[in-house]
Each structure stands twice: as C-alpha cells, then as structure tokens.
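S.K.: If it helps, the file is called coords.pdb and holds PDB, C-alpha atoms:
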ATOM      1  CA  MET A   1      95.204 112.271 -22.069
ATOM      2  CA  THR A   2      98.973 112.200 -22.652
ATOM      3  CA  SER A   3     100.724 109.353 -20.819
ATOM      4  CA  LYS A   4     103.701 109.954 -18.544
ATOM      5  CA  ALA A   5     105.949 108.123 -20.990
ATOM      6  CA  GLU A   6     104.774 110.293 -23.873
ATOM      7  CA  THR A   7     105.183 113.464 -21.813
ATOM      8  CA  LEU A   8     108.758 112.449 -20.924
ATOM      9  CA  ARG A   9     109.486 111.676 -24.593
ATOM     10  CA  ILE A  10     108.229 115.101 -25.675
ATOM     11  CA  ILE A  11     110.179 116.944 -22.964
ATOM     12  CA  THR A  12     113.359 115.031 -23.840
ATOM     13  CA  ALA A  13     112.955 115.661 -27.567
ATOM     14  CA  VAL A  14     112.383 119.366 -27.012
ATOM     15  CA  LYS A  15     115.330 119.677 -24.638
ATOM     16  CA  ASP A  16     117.536 117.909 -27.174
ATOM     17  CA  PHE A  17     116.800 120.416 -29.920
ATOM     18  CA  VAL A  18     116.879 123.477 -27.642
ATOM     19  CA  ASP A  19     120.391 122.556 -26.530
ATOM     20  CA  ARG A  20     121.810 122.136 -30.040
ATOM     21  CA  ASP A  21     124.309 124.625 -31.496
ATOM     22  CA  ASP A  22     124.583 123.454 -35.122
ATOM     23  CA  PRO A  23     121.343 123.996 -37.094
ATOM     24  CA  PHE A  24     122.459 121.837 -40.018
ATOM     25  CA  LYS A  25     123.077 118.824 -37.781
ATOM     26  CA  LEU A  26     119.726 119.416 -36.103
ATOM     27  CA  PHE A  27     118.009 119.617 -39.483
ATOM     28  CA  GLU A  28     119.713 116.400 -40.574
ATOM     29  CA  GLU A  29     118.329 114.630 -37.502
ATOM     30  CA  TRP A  30     114.811 116.009 -37.942
ATOM     31  CA  PHE A  31     114.842 115.221 -41.651
ATOM     32  CA  GLY A  32     115.828 111.647 -40.825
ATOM     33  CA  HIS A  33     112.831 111.392 -38.500
ATOM     34  CA  ALA A  34     110.591 112.829 -41.234
ATOM     35  CA  ARG A  35     111.765 110.244 -43.753
ATOM     36  CA  GLU A  36     110.678 107.545 -41.329
ATOM     37  CA  ALA A  37     107.371 109.126 -40.316
ATOM     38  CA  GLU A  38     105.956 110.995 -43.310
ATOM     39  CA  PRO A  39     103.995 108.801 -45.756
ATOM     40  CA  ASN A  40     104.558 111.080 -48.769
ATOM     41  CA  ASP A  41     107.361 113.419 -49.813
ATOM     42  CA  PRO A  42     109.165 114.174 -46.548
ATOM     43  CA  ASN A  43     111.413 116.410 -48.676
ATOM     44  CA  ALA A  44     108.496 118.653 -49.733
ATOM     45  CA  MET A  45     108.987 122.302 -48.827
ATOM     46  CA  SER A  46     107.254 125.575 -49.558
ATOM     47  CA  LEU A  47     109.430 128.016 -51.500
ATOM     48  CA  ALA A  48     108.768 131.746 -51.200
ATOM     49  CA  THR A  49     110.016 134.391 -53.639
ATOM     50  CA  VAL A  50     108.975 137.924 -54.607
ATOM     51  CA  ASP A  51     108.313 139.454 -58.015
ATOM     52  CA  ALA A  52     109.509 142.802 -59.391
ATOM     53  CA  ASP A  53     106.701 144.611 -57.550
ATOM     54  CA  GLY A  54     107.525 142.972 -54.219
ATOM     55  CA  MET A  55     104.453 140.720 -54.394
ATOM     56  CA  PRO A  56     105.254 137.353 -52.782
ATOM     57  CA  ASN A  57     104.762 133.984 -54.417
ATOM     58  CA  VAL A  58     104.877 130.597 -52.692
ATOM     59  CA  ARG A  59     104.716 127.046 -54.025
ATOM     60  CA  MET A  60     105.761 123.526 -53.073
ATOM     61  CA  VAL A  61     109.034 122.097 -54.386
ATOM     62  CA  LEU A  62     111.215 119.125 -53.441
ATOM     63  CA  LEU A  63     114.500 119.290 -51.572
ATOM     64  CA  LYS A  64     117.120 117.382 -53.556
ATOM     65  CA  GLY A  65     120.146 117.824 -51.352
ATOM     66  CA  PHE A  66     121.514 119.623 -48.318
ATOM     67  CA  ASP A  67     124.761 119.983 -46.426
ATOM     68  CA  GLN A  68     126.631 122.662 -44.495
ATOM     69  CA  THR A  69     126.545 124.924 -47.575
ATOM     70  CA  GLY A  70     122.751 124.986 -47.946
ATOM     71  CA  PHE A  71     119.563 123.499 -49.379
ATOM     72  CA  VAL A  72     119.278 122.518 -53.063
ATOM     73  CA  PHE A  73     116.313 122.215 -55.417
ATOM     74  CA  TYR A  74     116.016 122.166 -59.216
ATOM     75  CA  THR A  75     113.810 124.041 -61.644
ATOM     76  CA  ASN A  76     113.459 125.702 -65.026
ATOM     77  CA  PHE A  77     115.254 129.038 -64.690
ATOM     78  CA  GLU A  78     112.696 130.576 -67.069
ATOM     79  CA  SER A  79     109.828 129.687 -64.706
ATOM     80  CA  GLN A  80     108.255 132.225 -62.366
ATOM     81  CA  LYS A  81     110.312 131.076 -59.391
ATOM     82  CA  GLY A  82     113.446 130.887 -61.513
ATOM     83  CA  THR A  83     113.188 134.417 -62.867
ATOM     84  CA  GLU A  84     112.283 135.824 -59.448
ATOM     85  CA  ILE A  85     115.235 134.177 -57.732
ATOM     86  CA  LEU A  86     117.627 135.259 -60.477
ATOM     87  CA  ALA A  87     116.363 138.834 -60.080
ATOM     88  CA  THR A  88     116.585 139.060 -56.280
ATOM     89  CA  GLY A  89     119.119 136.413 -55.271
ATOM     90  CA  LYS A  90     117.020 135.615 -52.180
ATOM     91  CA  ALA A  91     114.397 133.074 -51.109
ATOM     92  CA  ALA A  92     112.800 131.361 -48.122
ATOM     93  CA  LEU A  93     111.780 127.775 -47.394
ATOM     94  CA  CYS A  94     109.438 126.100 -44.943
ATOM     95  CA  PHE A  95     109.276 122.402 -44.074
ATOM     96  CA  HIS A  96     106.190 121.182 -42.224
ATOM     97  CA  TRP A  97     106.097 117.586 -41.003
ATOM     98  CA  LYS A  98     102.567 117.210 -39.707
ATOM     99  CA  SER A  99     102.989 113.702 -38.337
ATOM    100  CA  LEU A 100     105.917 114.909 -36.214
ATOM    101  CA  ARG A 101     104.354 118.268 -35.316
ATOM    102  CA  ARG A 102     107.514 120.023 -36.407
ATOM    103  CA  GLN A 103     108.390 122.880 -38.723
ATOM    104  CA  VAL A 104     111.650 124.375 -40.030
ATOM    105  CA  ARG A 105     111.964 127.791 -41.671
ATOM    106  CA  VAL A 106     114.976 128.828 -43.759
ATOM    107  CA  ARG A 107     115.869 132.237 -45.247
ATOM    108  CA  GLY A 108     118.922 133.431 -47.112
ATOM    109  CA  PRO A 109     120.740 134.301 -50.318
ATOM    110  CA  VAL A 110     120.634 131.943 -53.286
ATOM    111  CA  GLU A 111     123.344 130.738 -55.650
ATOM    112  CA  GLN A 112     123.235 128.527 -58.724
ATOM    113  CA  VAL A 113     124.704 125.060 -58.323
ATOM    114  CA  ALA A 114     127.735 124.132 -60.403
ATOM    115  CA  ASP A 115     127.087 122.645 -63.847
ATOM    116  CA  ALA A 116     128.654 119.342 -62.817
ATOM    117  CA  GLU A 117     126.315 119.088 -59.823
ATOM    118  CA  ALA A 118     123.279 119.904 -61.970
ATOM    119  CA  ASP A 119     124.346 117.377 -64.620
ATOM    120  CA  GLU A 120     124.749 114.627 -62.030
ATOM    121  CA  TYR A 121     121.255 115.153 -60.646
ATOM    122  CA  TYR A 122     119.663 115.631 -64.086
ATOM    123  CA  ASN A 123     121.170 112.383 -65.354
ATOM    124  CA  SER A 124     119.786 110.521 -62.323
ATOM    125  CA  ARG A 125     116.195 111.433 -63.286
ATOM    126  CA  PRO A 126     113.980 109.064 -65.325
ATOM    127  CA  ARG A 127     114.373 109.575 -69.077
ATOM    128  CA  ASP A 128     110.784 110.831 -69.442
ATOM    129  CA  SER A 129     111.433 113.480 -66.792
ATOM    130  CA  ARG A 130     114.492 114.647 -68.706
ATOM    131  CA  ILE A 131     112.382 114.888 -71.875
ATOM    132  CA  GLY A 132     109.805 116.838 -69.883
ATOM    133  CA  ALA A 133     112.420 119.423 -68.916
ATOM    134  CA  TRP A 134     112.795 120.212 -72.623
ATOM    135  CA  ALA A 135     109.089 120.091 -73.454
ATOM    136  CA  SER A 136     107.687 122.258 -70.648
ATOM    137  CA  GLN A 137     107.814 126.041 -70.970
ATOM    138  CA  GLN A 138     107.216 126.199 -67.244
ATOM    139  CA  SER A 139     104.850 128.868 -65.854
ATOM    140  CA  ARG A 140     103.921 130.173 -69.311
ATOM    141  CA  PRO A 141     100.459 129.936 -70.922
ATOM    142  CA  LEU A 142      99.565 126.538 -72.434
ATOM    143  CA  GLU A 143      96.898 126.537 -75.119
ATOM    144  CA  SER A 144      95.938 122.871 -74.654
ATOM    145  CA  ARG A 145      97.049 119.567 -73.184
ATOM    146  CA  PHE A 146      97.618 118.390 -76.740
ATOM    147  CA  ALA A 147     100.215 121.123 -77.259
ATOM    148  CA  LEU A 148     102.195 119.791 -74.283
ATOM    149  CA  GLU A 149     101.953 116.204 -75.491
ATOM    150  CA  LYS A 150     103.078 117.342 -78.937
ATOM    151  CA  ALA A 151     106.125 119.027 -77.434
ATOM    152  CA  VAL A 152     106.947 115.879 -75.455
ATOM    153  CA  ALA A 153     106.694 113.786 -78.651
ATOM    154  CA  LYS A 154     108.934 116.263 -80.500
ATOM    155  CA  PHE A 155     111.765 116.044 -77.981
ATOM    156  CA  ALA A 156     111.317 112.308 -77.442
ATOM    157  CA  ALA A 157     111.939 111.891 -81.199
ATOM    158  CA  LYS A 158     114.849 114.340 -81.160
ATOM    159  CA  TYR A 159     116.573 112.431 -78.356
ATOM    160  CA  ALA A 160     115.403 108.947 -79.308
ATOM    161  CA  ILE A 161     118.973 107.671 -79.388
ATOM    162  CA  GLY A 162     121.642 108.325 -76.802
ATOM    163  CA  GLU A 163     121.570 110.545 -73.747
ATOM    164  CA  VAL A 164     119.173 113.429 -73.162
ATOM    165  CA  PRO A 165     121.335 116.504 -72.461
ATOM    166  CA  ARG A 166     120.431 118.949 -69.723
ATOM    167  CA  PRO A 167     118.821 122.140 -71.082
ATOM    168  CA  ALA A 168     120.859 125.272 -70.395
ATOM    169  CA  HIS A 169     117.789 126.842 -68.741
ATOM    170  CA  TRP A 170     117.304 123.947 -66.308
ATOM    171  CA  SER A 171     119.507 123.711 -63.231
ATOM    172  CA  GLY A 172     119.600 124.003 -59.470
ATOM    173  CA  PHE A 173     119.560 126.666 -56.798
ATOM    174  CA  ARG A 174     121.203 126.482 -53.375
ATOM    175  CA  ILE A 175     119.728 128.550 -50.550
ATOM    176  CA  LYS A 176     122.547 129.449 -48.159
ATOM    177  CA  PRO A 177     120.761 130.282 -44.929
ATOM    178  CA  HIS A 178     121.279 133.307 -42.750
ATOM    179  CA  TYR A 179     118.252 132.244 -40.685
ATOM    180  CA  MET A 180     116.991 128.832 -39.579
ATOM    181  CA  GLU A 181     114.078 128.429 -37.173
ATOM    182  CA  PHE A 182     112.968 125.159 -35.583
ATOM    183  CA  TRP A 183     109.428 124.844 -34.247
ATOM    184  CA  HIS A 184     108.079 122.000 -32.129
ATOM    185  CA  ASP A 185     104.428 121.638 -31.116
ATOM    186  CA  ARG A 186     103.618 121.796 -27.419
ATOM    187  CA  PRO A 187     100.280 121.587 -25.561
ATOM    188  CA  PHE A 188      98.045 124.653 -25.326
ATOM    189  CA  ARG A 189      99.940 126.349 -28.199
ATOM    190  CA  LEU A 190     102.902 127.003 -25.901
ATOM    191  CA  HIS A 191     105.218 125.792 -28.634
ATOM    192  CA  ASP A 192     109.000 125.687 -28.544
ATOM    193  CA  ARG A 193     110.792 127.864 -31.098
ATOM    194  CA  VAL A 194     114.553 128.147 -31.507
ATOM    195  CA  VAL A 195     116.124 130.394 -34.129
ATOM    196  CA  PHE A 196     119.694 130.408 -35.450
ATOM    197  CA  ARG A 197     120.982 133.578 -37.119
ATOM    198  CA  ARG A 198     124.125 134.856 -38.797
ATOM    199  CA  ASN A 199     124.680 138.061 -40.768
ATOM    200  CA  ASP A 200     127.360 136.551 -42.971
ATOM    201  CA  LEU A 201     127.957 133.020 -44.227
ATOM    202  CA  GLU A 202     131.400 133.029 -42.628
ATOM    203  CA  GLN A 203     130.107 134.000 -39.191
ATOM    204  CA  ALA A 204     129.249 131.650 -36.356
ATOM    205  CA  TRP A 205     125.571 131.104 -35.602
ATOM    206  CA  THR A 206     123.834 132.846 -32.732
ATOM    207  CA  LYS A 207     120.832 131.166 -31.111
ATOM    208  CA  ASP A 208     117.714 132.487 -29.407
ATOM    209  CA  ARG A 209     114.506 131.050 -28.037
ATOM    210  CA  LEU A 210     111.344 132.784 -29.233
ATOM    211  CA  TYR A 211     107.949 133.199 -27.664
ATOM    212  CA  PRO A 212     105.417 130.896 -29.363
TER     213      PRO A 212
END
Would you write the structure of this file as structure tokens?

M.R.:
Amino acid sequence: MTSKAETLRIITAVKDFVDRDDPFKLFEEWFGHAREAEPNDPNAMSLATVDADGMPNVRMVLLKGFDQTGFVFYTNFESQKGTEILATGKAALCFHWKSLRRQVRVRGPVEQVADAEADEYYNSRPRDSRIGAWASQQSRPLESRFALEKAVAKFAAKYAIGEVPRPAHWSGFRIKPHYMEFWHDRPFRLHDRVVFRRNDLEQAWTKDRLYP
C-alpha cells in the first residue's frame, strides 16, 4: 500500500511537470534524476528510423549531449541508421527510466553536427574506441570474429604513433524536436502524459495533456 508521504510526493512530482512550459528544461531535470537513479546507462535511448521502403528500424544508442538545439548521438554514417537518417532527415527517440517510472519521446528533423563538435567528442573517446571506428564496417556482413580483430590490428598499427584521426564517415547527428512527450506512471494505468509540439523550430511550443 502506498504511504501518504509517497502519494504526496507522486502528486507533487506530477504537478511539477504538468505545469512546465519549457520541455528542454523539464528534460534536463528528469535526466538529472535518471543519472542518480539508474544503475546503468541513464543516457540510453531507443532510436527509430525508416528504410527506403518505409519499414521501421529501432535500436538502442547513447545520448552524448543535449541543449536547446536538440539531442546528439554519434555513429558510422555508413551504418543502417546512418544511411536511413541521411536519406530521410528524420528520426525519433524514446528514453525509458524504469526505476523512475518515466518515459520521454522525441520526434523531429535531424542535422549533422559540425566537424569541430564531432572532433571534440571523438578525441574524448578511449584510443581503442577510436581505432574501432576505423575497423568496424558497421551493419555490414562480417565473415568471422577474426576478420574484425584483423582489421583492428591493421588500424592499430597504422595509427601506432600520434593521434587517431576521426574517419570522414563517423560523426554525429542532432535531432531537433518538433514533438516531445513526457510520461509519468500513475496507479491503475491512469498515467500522466504531457506533450509539447511546434511545427517549426522557430515557433513557440504548445502544450497538451493526453489521455493515458
């Protein structure tokens, strides 16, 4: 049975997010709570794209940055998700923080991050991860584990001295949301849902509550 104190905490938390007008500030607050509560990868998010036939694909990726301009992640542009995003210029994200019983959905157009931004993040990665970006032909058939290890050895030897440059096909995407939905668990599946929408990135957000 839920205690009175816990019930009051839930009501207060829900009221706080229902009354907010800036979805980015609300996300920042929720993400901060997730970093404290989630034991593994609070920045994990599902990324949805569609192929040339309109068939959807979804996979987990890691959020590497966000601000008022959008949500950033990095990948091989020659991968399945990379080619699909480059073809459509659109994507969707979903964060689910089970320990907090919260979810955030994001939809919108996608842009490539600037080279300087990609270089800064790439250079912050462990050296072996930078080598891996060269060695992996992401999403394409791999004949054996040995073939991958051979490719890693090849590029480790090539860049044995000095810095490992960022491959031209490896960079970041920024999803610039037109739609952000915040979901909070409530008893008896009578959940709270608040959605922020805008038709253009220069427009102000509109906000609606949704039925659960």

S.K.: Go through A:Tyr74, A:Phe173, A:Phe196, A:Phe27 one by one, measure the shortest atom-to-atom distance of each to Ala91 in chain A using all atoms listed in the file, and give the residue with the smallest value.

M.R.: A:Phe173

S.K.: Evaluate the PyMOL selection byres ((chain A and resi 62-68) around 9) on the structure here and hand back the selected residues as a ChimeraX atom specification.

M.R.: /A:24-25,28,41-46,60-61,69-74,121,174,176

S.K.: Please dump the current selection as an mmCIF file, in the coordinates of the input; keep C-alpha atoms.

M.R.:
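Saved as part-v1.cif:
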data_model
loop_
_atom_site.group_PDB
_atom_site.id
_atom_site.type_symbol
_atom_site.label_atom_id
_atom_site.label_comp_id
_atom_site.auth_asym_id
_atom_site.auth_seq_id
_atom_site.Cartn_x
_atom_site.Cartn_y
_atom_site.Cartn_z
ATOM 1 C CA PHE A 24 122.459 121.837 -40.018
ATOM 2 C CA LYS A 25 123.077 118.824 -37.781
ATOM 3 C CA GLU A 28 119.713 116.400 -40.574
ATOM 4 C CA ASP A 41 107.361 113.419 -49.813
ATOM 5 C CA PRO A 42 109.165 114.174 -46.548
ATOM 6 C CA ASN A 43 111.413 116.410 -48.676
ATOM 7 C CA ALA A 44 108.496 118.653 -49.733
ATOM 8 C CA MET A 45 108.987 122.302 -48.827
ATOM 9 C CA SER A 46 107.254 125.575 -49.558
ATOM 10 C CA MET A 60 105.761 123.526 -53.073
ATOM 11 C CA VAL A 61 109.034 122.097 -54.386
ATOM 12 C CA THR A 69 126.545 124.924 -47.575
ATOM 13 C CA GLY A 70 122.751 124.986 -47.946
ATOM 14 C CA PHE A 71 119.563 123.499 -49.379
ATOM 15 C CA VAL A 72 119.278 122.518 -53.063
ATOM 16 C CA PHE A 73 116.313 122.215 -55.417
ATOM 17 C CA TYR A 74 116.016 122.166 -59.216
ATOM 18 C CA TYR A 121 121.255 115.153 -60.646
ATOM 19 C CA ARG A 174 121.203 126.482 -53.375
ATOM 20 C CA LYS A 176 122.547 129.449 -48.159
#

S.K.: Evaluate the PyMOL selection byres ((chain A and resi 165) around 10) here and jot the selected residues down as a PyMOL selection string.

M.R.: chain A and resi 119+122-123+130-131+134+159+162-164+166-168

S.K.: Calculated over all atoms listed in the file, which of the candidates A:Arg101, A:Pro177, A:His169, A:Leu190 has the smallest distance to Gln203 in chain A?

M.R.: A:Pro177

S.K.: Pick out the residues sitting within 12 Å of Ala204 in chain A, and hand them over as a count of residues only; count all atoms listed in the file, and ignore anything fewer than 5 positions along from it in its own chain.

M.R.: 9

S.K.: Would you please work out which residue, of A:Ile161, A:Ile175, A:Ala34, A:Cys94, is nearest to Gly108 in chain A when using all atoms listed in the file?

M.R.: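 For Gly108 in chain A, the nearest of the given residues is A:Ile175.
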
S.K.: For each of A:Ala92, A:Gly132, A:Ala153, A:Ala52, take the minimum atom-to-atom distance to Thr75 in chain A, counting only C-alpha atoms, then give the residue where this is smallest.

M.R.: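 Of A:Ala92, A:Gly132, A:Ala153, A:Ala52, the one nearest Thr75 in chain A is A:Gly132, counting only C-alpha atoms.
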
S.K.: Considering all atoms listed in the file, can you say which of A:Ala135, A:Trp183, A:Pro126, A:Arg193 comes closest to Ala156 in chain A?

M.R.: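 Using all atoms listed in the file, Ala156 in chain A sits closest to A:Ala135.
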
S.K.: Report the distance between CA of Pro109 in chain A and CA of Leu86 in chain A in Å, rounded to one decimal place.

M.R.: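 These atoms are spaced 10.7 Å apart.
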
S.K.: Would you work out the distance separating CA of Val50 in chain A from CA of Glu117 in chain A, expressed in Å to one decimal?

M.R.: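 Pair CA of Val50 in chain A / CA of Glu117 in chain A returns 26.1 Å.
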
S.K.: Export range 120-211 of chain A of the preceding structure, keeping C-alpha atoms, as a JSON list (two decimals), in the first residue's frame.

M.R.:
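Listing of part-v3.json after writing:
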[["chain", "number", "residue", "atom", "x", "y", "z"],
["A", 120, "GLU", "CA", 35.91, 17.19, -29.84],
["A", 121, "TYR", "CA", 33.75, 14.22, -28.87],
["A", 122, "TYR", "CA", 35.76, 11.73, -30.96],
["A", 123, "ASN", "CA", 39.02, 12.83, -29.34],
["A", 124, "SER", "CA", 37.49, 12.36, -25.87],
["A", 125, "ARG", "CA", 36.89, 8.64, -26.55],
["A", 126, "PRO", "CA", 39.39, 5.95, -25.44],
["A", 127, "ARG", "CA", 42.06, 5.28, -28.07],
["A", 128, "ASP", "CA", 40.79, 1.72, -28.68],
["A", 129, "SER", "CA", 37.31, 3.08, -29.39],
["A", 130, "ARG", "CA", 38.76, 5.48, -31.94],
["A", 131, "ILE", "CA", 40.59, 2.56, -33.59],
["A", 132, "GLY", "CA", 37.32, 0.64, -33.57],
["A", 133, "ALA", "CA", 35.61, 3.41, -35.54],
["A", 134, "TRP", "CA", 38.07, 2.73, -38.36],
["A", 135, "ALA", "CA", 37.96, -1.06, -38.11],
["A", 136, "SER", "CA", 34.19, -1.63, -38.00],
["A", 137, "GLN", "CA", 32.21, -1.61, -41.23],
["A", 138, "GLN", "CA", 29.11, -1.14, -39.12],
["A", 139, "SER", "CA", 25.92, -3.04, -40.06],
["A", 140, "ARG", "CA", 27.59, -4.90, -42.93],
["A", 141, "PRO", "CA", 28.21, -8.67, -43.08],
["A", 142, "LEU", "CA", 31.20, -9.94, -41.07],
["A", 143, "GLU", "CA", 32.68, -13.25, -42.15],
["A", 144, "SER", "CA", 34.30, -14.03, -38.79],
["A", 145, "ARG", "CA", 35.40, -12.54, -35.49],
["A", 146, "PHE", "CA", 38.96, -12.98, -36.68],
["A", 147, "ALA", "CA", 38.30, -10.65, -39.61],
["A", 148, "LEU", "CA", 37.25, -7.91, -37.17],
["A", 149, "GLU", "CA", 40.27, -8.46, -34.95],
["A", 150, "LYS", "CA", 42.49, -8.35, -38.03],
["A", 151, "ALA", "CA", 41.00, -5.01, -39.03],
["A", 152, "VAL", "CA", 41.55, -3.66, -35.52],
["A", 153, "ALA", "CA", 45.20, -4.79, -35.63],
["A", 154, "LYS", "CA", 45.64, -3.16, -39.06],
["A", 155, "PHE", "CA", 44.46, 0.26, -37.92],
["A", 156, "ALA", "CA", 46.18, -0.01, -34.54],
["A", 157, "ALA", "CA", 49.46, -0.46, -36.47],
["A", 158, "LYS", "CA", 48.61, 2.34, -38.90],
["A", 159, "TYR", "CA", 47.98, 4.79, -36.06],
["A", 160, "ALA", "CA", 50.54, 3.41, -33.61],
["A", 161, "ILE", "CA", 52.15, 6.82, -33.24],
["A", 162, "GLY", "CA", 50.36, 10.10, -32.74],
["A", 163, "GLU", "CA", 46.67, 10.88, -32.75],
["A", 164, "VAL", "CA", 43.96, 8.73, -34.32],
["A", 165, "PRO", "CA", 42.06, 10.99, -36.75],
["A", 166, "ARG", "CA", 38.29, 10.88, -36.98],
["A", 167, "PRO", "CA", 37.07, 8.94, -40.04],
["A", 168, "ALA", "CA", 35.12, 11.08, -42.50],
["A", 169, "HIS", "CA", 32.22, 8.59, -42.29],
["A", 170, "TRP", "CA", 31.97, 8.81, -38.49],
["A", 171, "SER", "CA", 30.24, 11.79, -36.91],
["A", 172, "GLY", "CA", 27.19, 12.93, -35.01],
["A", 173, "PHE", "CA", 23.53, 13.63, -35.60],
["A", 174, "ARG", "CA", 21.36, 16.16, -33.77],
["A", 175, "ILE", "CA", 17.63, 15.53, -33.55],
["A", 176, "LYS", "CA", 15.87, 18.90, -33.38],
["A", 177, "PRO", "CA", 12.49, 18.08, -31.89],
["A", 178, "HIS", "CA", 9.12, 19.18, -33.15],
["A", 179, "TYR", "CA", 7.49, 16.85, -30.60],
["A", 180, "MET", "CA", 8.40, 15.96, -27.02],
["A", 181, "GLU", "CA", 6.15, 13.84, -24.82],
["A", 182, "PHE", "CA", 6.63, 13.23, -21.10],
["A", 183, "TRP", "CA", 5.01, 10.21, -19.48],
["A", 184, "HIS", "CA", 4.78, 9.51, -15.76],
["A", 185, "ASP", "CA", 3.41, 6.29, -14.26],
["A", 186, "ARG", "CA", 0.29, 6.55, -12.13],
["A", 187, "PRO", "CA", -1.76, 3.86, -10.33],
["A", 188, "PHE", "CA", -4.27, 1.77, -12.27],
["A", 189, "ARG", "CA", -2.65, 2.78, -15.60],
["A", 190, "LEU", "CA", -4.16, 6.27, -15.31],
["A", 191, "HIS", "CA", -0.81, 7.73, -16.30],
["A", 192, "ASP", "CA", 0.02, 11.39, -16.81],
["A", 193, "ARG", "CA", 1.08, 12.39, -20.32],
["A", 194, "VAL", "CA", 2.06, 15.88, -21.42],
["A", 195, "VAL", "CA", 3.08, 16.65, -25.00],
["A", 196, "PHE", "CA", 4.88, 19.71, -26.37],
["A", 197, "ARG", "CA", 4.55, 20.47, -30.09],
["A", 198, "ARG", "CA", 5.78, 23.01, -32.61],
["A", 199, "ASN", "CA", 5.50, 22.98, -36.40],
["A", 200, "ASP", "CA", 8.70, 24.94, -36.91],
["A", 201, "LEU", "CA", 11.91, 25.18, -34.91],
["A", 202, "GLU", "CA", 11.44, 28.93, -34.58],
["A", 203, "GLN", "CA", 7.92, 28.65, -33.17],
["A", 204, "ALA", "CA", 6.96, 28.62, -29.51],
["A", 205, "TRP", "CA", 5.89, 25.31, -28.02],
["A", 206, "THR", "CA", 2.25, 24.43, -27.47],
["A", 207, "LYS", "CA", 1.34, 22.01, -24.68],
["A", 208, "ASP", "CA", -1.45, 19.49, -24.23],
["A", 209, "ARG", "CA", -2.36, 16.80, -21.75],
["A", 210, "LEU", "CA", -3.18, 13.42, -23.29],
["A", 211, "TYR", "CA", -5.39, 10.60, -22.14]]
